[in-house]
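Chemist: I'd like to ask you about the structure that follows.
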Amino acid sequence: MIKNQFIYNKFGFLGDDLLVELQCHSIITKIKSKTEIIREGQKNKYIPFLINGAVKVLSLNDGKELVYYYLRPNDCCLMTFSTIFTDCISKVYAITEKESEILFLPISVVQDWLIKYPQINKVFYSEYNHRFFDIISMMNDAVFNKLDKRIINYIRHQVDITGNNPVKLTHKEIANYLGSSREVISRILKKIEITGEISQTKEGIKLSQIIL
């Protein structure tokens with residue numbers, strides 16, 4: 001039922017013939033939190049579409065993360081889709097941020113659909129648009145905001161993605177994302193906590209109602 005409803009909501013405007021093929025070829029899987037679903041250097045066989053949950057798409061450099069974007073329900077991993085035009089080798093990692101349910105479409109089948117059903121390109125053009133604005137927003141945050149504001153924005157983003165407040169985040173995770181050190185992040189979080197904007201507990205970091 002979930003599969004049928006998701007396919008109809010996401011692809012219904014593309015016509016009944018394609019919907020039938022989507023029903024036949026798609027696979028839905030539930031995946032635990034903090035599970036790697038795509039690895040850099042592997043050959044991609046599927047394009048993932050997120051039904052529910054949250055997925056982080058990133059690259060690694062000397063153990064440091066560079067997060068490109070987060071998948072939210074109804075999103076697809078655009079960087080996986082883009083590999084079908086080259087060698088299908090992944091340039092990124094994708095890791096679930098919470099327990100997630102994902103619909104996988106075989107790349108070999110999607111390649112045929114791009115010719116047989118060219119209207120499916122509308123789905124991926126829309127995804128390109130969303131990811132472009134995600135990256136622009138991330139760049140603006142890095143260029144125009146001081147580190148304390150970027151920390152707050154990151155925490156708010158995690159609350160929004162996971163639906164949890166407080167949200168489980170280590171100081172090291174925040175440092176990796178923002179390209180800083182754990183010591184600097186810890187010091188700034190203490191200052192932010194004094195202002196009342198956040199509180200830190202065993203359950204995680206909680207945003208105050210003032211800035212939710």
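By convention here, the chains of the structure tokens are called A, B, ... in the order presented, each chain's residues are numbered starting at 1, and ligands are numbered starting at 1 in the order presented.
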Need to verify the contact set: segment 122-136 of chain A, 10 Å, only C-alpha atoms, exclusion of same-chain residues closer than 3 positions in sequence. Can you return it as a VMD selection string?
Modeler: chain A and resid 10 to 11 13 to 14 67 to 71 74 to 79 81 to 82 118 to 119 139 to 142
Chemist: Mind checking which residues fall within 12 Å of Asn52 of chain A, counting only C-alpha atoms, ignoring those fewer than 5 positions away in the same chain, and posting them as JSON, numbers by chain?
Modeler: {"A": [2, 3, 6, 28, 29, 30, 31, 32, 33, 71, 72, 73, 74, 75, 76, 96, 97, 98, 99, 100, 101, 102, 103, 161, 162, 163]}
Chemist: What would the file look like if the residues just selected were written as a PDB file, in the first residue's frame with N, CA and C atoms?
Modeler:
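After the write, result.pdb holds the following:
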ATOM      1  N   ILE A   2       1.918   1.257   0.862  1.00  0.00           N
ATOM      2  CA  ILE A   2       2.820   2.404   0.918  1.00  0.00           C
ATOM      3  C   ILE A   2       3.508   2.590  -0.417  1.00  0.00           C
ATOM      4  N   LYS A   3       3.947   1.467  -1.005  1.00  0.00           N
ATOM      5  CA  LYS A   3       4.632   1.523  -2.291  1.00  0.00           C
ATOM      6  C   LYS A   3       3.718   2.110  -3.351  1.00  0.00           C
ATOM      7  N   PHE A   6       3.135   5.932  -2.693  1.00  0.00           N
ATOM      8  CA  PHE A   6       4.322   6.753  -2.951  1.00  0.00           C
ATOM      9  C   PHE A   6       4.550   6.895  -4.458  1.00  0.00           C
ATOM     10  N   ILE A  28      11.280  -1.678  -2.275  1.00  0.00           N
ATOM     11  CA  ILE A  28      11.216  -0.855  -1.062  1.00  0.00           C
ATOM     12  C   ILE A  28      11.888  -1.598   0.085  1.00  0.00           C
ATOM     13  N   THR A  29      12.760  -0.875   0.803  1.00  0.00           N
ATOM     14  CA  THR A  29      13.512  -1.474   1.902  1.00  0.00           C
ATOM     15  C   THR A  29      13.524  -0.535   3.100  1.00  0.00           C
ATOM     16  N   LYS A  30      13.368  -1.107   4.287  1.00  0.00           N
ATOM     17  CA  LYS A  30      13.540  -0.345   5.524  1.00  0.00           C
ATOM     18  C   LYS A  30      14.996  -0.483   5.974  1.00  0.00           C
ATOM     19  N   ILE A  31      15.616   0.630   6.326  1.00  0.00           N
ATOM     20  CA  ILE A  31      17.042   0.641   6.652  1.00  0.00           C
ATOM     21  C   ILE A  31      17.240   1.325   8.007  1.00  0.00           C
ATOM     22  N   LYS A  32      18.053   0.726   8.856  1.00  0.00           N
ATOM     23  CA  LYS A  32      18.283   1.254  10.195  1.00  0.00           C
ATOM     24  C   LYS A  32      19.065   2.568  10.148  1.00  0.00           C
ATOM     25  N   SER A  33      18.977   3.320  11.242  1.00  0.00           N
ATOM     26  CA  SER A  33      19.704   4.579  11.368  1.00  0.00           C
ATOM     27  C   SER A  33      21.214   4.357  11.304  1.00  0.00           C
ATOM     28  N   LEU A  71      18.641  14.189   2.105  1.00  0.00           N
ATOM     29  CA  LEU A  71      17.405  13.744   1.486  1.00  0.00           C
ATOM     30  C   LEU A  71      16.294  13.780   2.519  1.00  0.00           C
ATOM     31  N   ARG A  72      15.181  14.350   2.115  1.00  0.00           N
ATOM     32  CA  ARG A  72      13.970  14.345   2.926  1.00  0.00           C
ATOM     33  C   ARG A  72      12.930  13.487   2.221  1.00  0.00           C
ATOM     34  N   PRO A  73      11.858  13.130   2.911  1.00  0.00           N
ATOM     35  CA  PRO A  73      10.840  12.306   2.256  1.00  0.00           C
ATOM     36  C   PRO A  73      10.418  12.883   0.912  1.00  0.00           C
ATOM     37  N   ASN A  74      10.370  12.028  -0.090  1.00  0.00           N
ATOM     38  CA  ASN A  74       9.992  12.331  -1.471  1.00  0.00           C
ATOM     39  C   ASN A  74      11.173  12.747  -2.342  1.00  0.00           C
ATOM     40  N   ASP A  75      12.376  12.887  -1.754  1.00  0.00           N
ATOM     41  CA  ASP A  75      13.568  13.252  -2.521  1.00  0.00           C
ATOM     42  C   ASP A  75      14.242  12.013  -3.101  1.00  0.00           C
ATOM     43  N   CYS A  76      15.021  12.224  -4.187  1.00  0.00           N
ATOM     44  CA  CYS A  76      15.892  11.169  -4.688  1.00  0.00           C
ATOM     45  C   CYS A  76      17.340  11.621  -4.562  1.00  0.00           C
ATOM     46  N   THR A  96      22.001   6.856   6.257  1.00  0.00           N
ATOM     47  CA  THR A  96      20.740   7.202   6.906  1.00  0.00           C
ATOM     48  C   THR A  96      21.004   7.939   8.217  1.00  0.00           C
ATOM     49  N   GLU A  97      20.265   9.011   8.440  1.00  0.00           N
ATOM     50  CA  GLU A  97      20.361   9.777   9.680  1.00  0.00           C
ATOM     51  C   GLU A  97      19.409   9.232  10.741  1.00  0.00           C
ATOM     52  N   LYS A  98      18.379   8.554  10.306  1.00  0.00           N
ATOM     53  CA  LYS A  98      17.415   7.910  11.195  1.00  0.00           C
ATOM     54  C   LYS A  98      16.867   6.713  10.434  1.00  0.00           C
ATOM     55  N   GLU A  99      16.101   5.881  11.098  1.00  0.00           N
ATOM     56  CA  GLU A  99      15.504   4.741  10.399  1.00  0.00           C
ATOM     57  C   GLU A  99      14.707   5.250   9.211  1.00  0.00           C
ATOM     58  N   SER A 100      14.948   4.657   8.053  1.00  0.00           N
ATOM     59  CA  SER A 100      14.374   5.194   6.822  1.00  0.00           C
ATOM     60  C   SER A 100      13.754   4.083   5.973  1.00  0.00           C
ATOM     61  N   GLU A 101      12.815   4.486   5.168  1.00  0.00           N
ATOM     62  CA  GLU A 101      12.208   3.585   4.193  1.00  0.00           C
ATOM     63  C   GLU A 101      12.503   4.155   2.808  1.00  0.00           C
ATOM     64  N   ILE A 102      13.102   3.354   1.951  1.00  0.00           N
ATOM     65  CA  ILE A 102      13.623   3.845   0.674  1.00  0.00           C
ATOM     66  C   ILE A 102      13.121   2.980  -0.479  1.00  0.00           C
ATOM     67  N   LEU A 103      12.724   3.649  -1.541  1.00  0.00           N
ATOM     68  CA  LEU A 103      12.363   2.964  -2.775  1.00  0.00           C
ATOM     69  C   LEU A 103      13.553   3.025  -3.720  1.00  0.00           C
ATOM     70  N   ILE A 161      15.107  17.912  10.123  1.00  0.00           N
ATOM     71  CA  ILE A 161      15.259  16.663   9.376  1.00  0.00           C
ATOM     72  C   ILE A 161      14.793  15.458  10.187  1.00  0.00           C
ATOM     73  N   THR A 162      15.220  15.394  11.437  1.00  0.00           N
ATOM     74  CA  THR A 162      14.931  14.213  12.251  1.00  0.00           C
ATOM     75  C   THR A 162      13.580  14.276  12.940  1.00  0.00           C
ATOM     76  N   GLY A 163      13.055  15.496  13.115  1.00  0.00           N
ATOM     77  CA  GLY A 163      11.814  15.656  13.867  1.00  0.00           C
ATOM     78  C   GLY A 163      12.001  15.532  15.356  1.00  0.00           C
TER      79      GLY A 163
END
Chemist: Sorted by chain and rising residue number, which residues of segment 107-169 of chain A lie within 12 Å of segment 18-24 of chain A, and what are their closest atom pairs and distances in Å to one decimal, counting only C-alpha atoms, as JSON lines?
Modeler:
{"residue": "A:Val109", "atom": "CA", "partner": "A:Glu21", "partner_atom": "CA", "distance": 9.4}
{"residue": "A:Val110", "atom": "CA", "partner": "A:Leu22", "partner_atom": "CA", "distance": 9.6}
{"residue": "A:Asp112", "atom": "CA", "partner": "A:Glu21", "partner_atom": "CA", "distance": 11.3}
{"residue": "A:Trp113", "atom": "CA", "partner": "A:Leu18", "partner_atom": "CA", "distance": 8.3}
{"residue": "A:Leu114", "atom": "CA", "partner": "A:Leu18", "partner_atom": "CA", "distance": 11.0}
{"residue": "A:Lys116", "atom": "CA", "partner": "A:Leu18", "partner_atom": "CA", "distance": 9.3}
{"residue": "A:Tyr117", "atom": "CA", "partner": "A:Leu18", "partner_atom": "CA", "distance": 7.3}
{"residue": "A:Pro118", "atom": "CA", "partner": "A:Leu18", "partner_atom": "CA", "distance": 10.6}
{"residue": "A:Gln119", "atom": "CA", "partner": "A:Leu18", "partner_atom": "CA", "distance": 9.9}
{"residue": "A:Ile120", "atom": "CA", "partner": "A:Leu18", "partner_atom": "CA", "distance": 8.8}
Chemist: Could you tell me which of A:Asp148, A:Asp160, A:Asp62, A:Asp87 comes closest to Thr195 of chain A if we count only C-alpha atoms?
Modeler: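 Closest candidate: A:Asp148.
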Chemist: Could you jot down the atom CA of Gly12 of chain A to atom CA of Asn44 of chain A separation for me, Å, one decimal place?
Modeler: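 Computing it gives 25.6 Å between the two atoms.
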Chemist: Between A:Asn164, A:Thr83, A:Asn121, A:Ser108, which one has atoms that come closest to Ala54 of chain A, using only C-alpha atoms?
Modeler: A:Asn164
Chemist: For the alpha helix (DSSP H) assignment from backbone DSSP, which residues of segment 39-140 of chain A qualify? Please present them as a PyMOL selection string.
Modeler: chain A and resi 78-82+107-116+121-140
Chemist: Can you pull out every residue within 10 Å of segment 173-184 of chain A, counting only C-alpha atoms, but drop anything in the same chain fewer than 6 positions away, and send it as a ChimeraX atom specification?
Modeler: /A:58,63-67,142,147,150-151,154-155
Chemist: In Å, rounded to a single decimal, give me how far atom CA of Tyr8 of chain A is from atom CA of Ile38 of chain A.
Modeler: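 One can read the atom CA of Ile38 of chain A to atom CA of Tyr8 of chain A distance as 25.6 Å.
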Chemist: May I ask for the distance between atom CA of Thr80 of chain A and atom CA of Val159 of chain A, given in Å to one decimal place?
Modeler: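 A separation of 25.6 Å between them.
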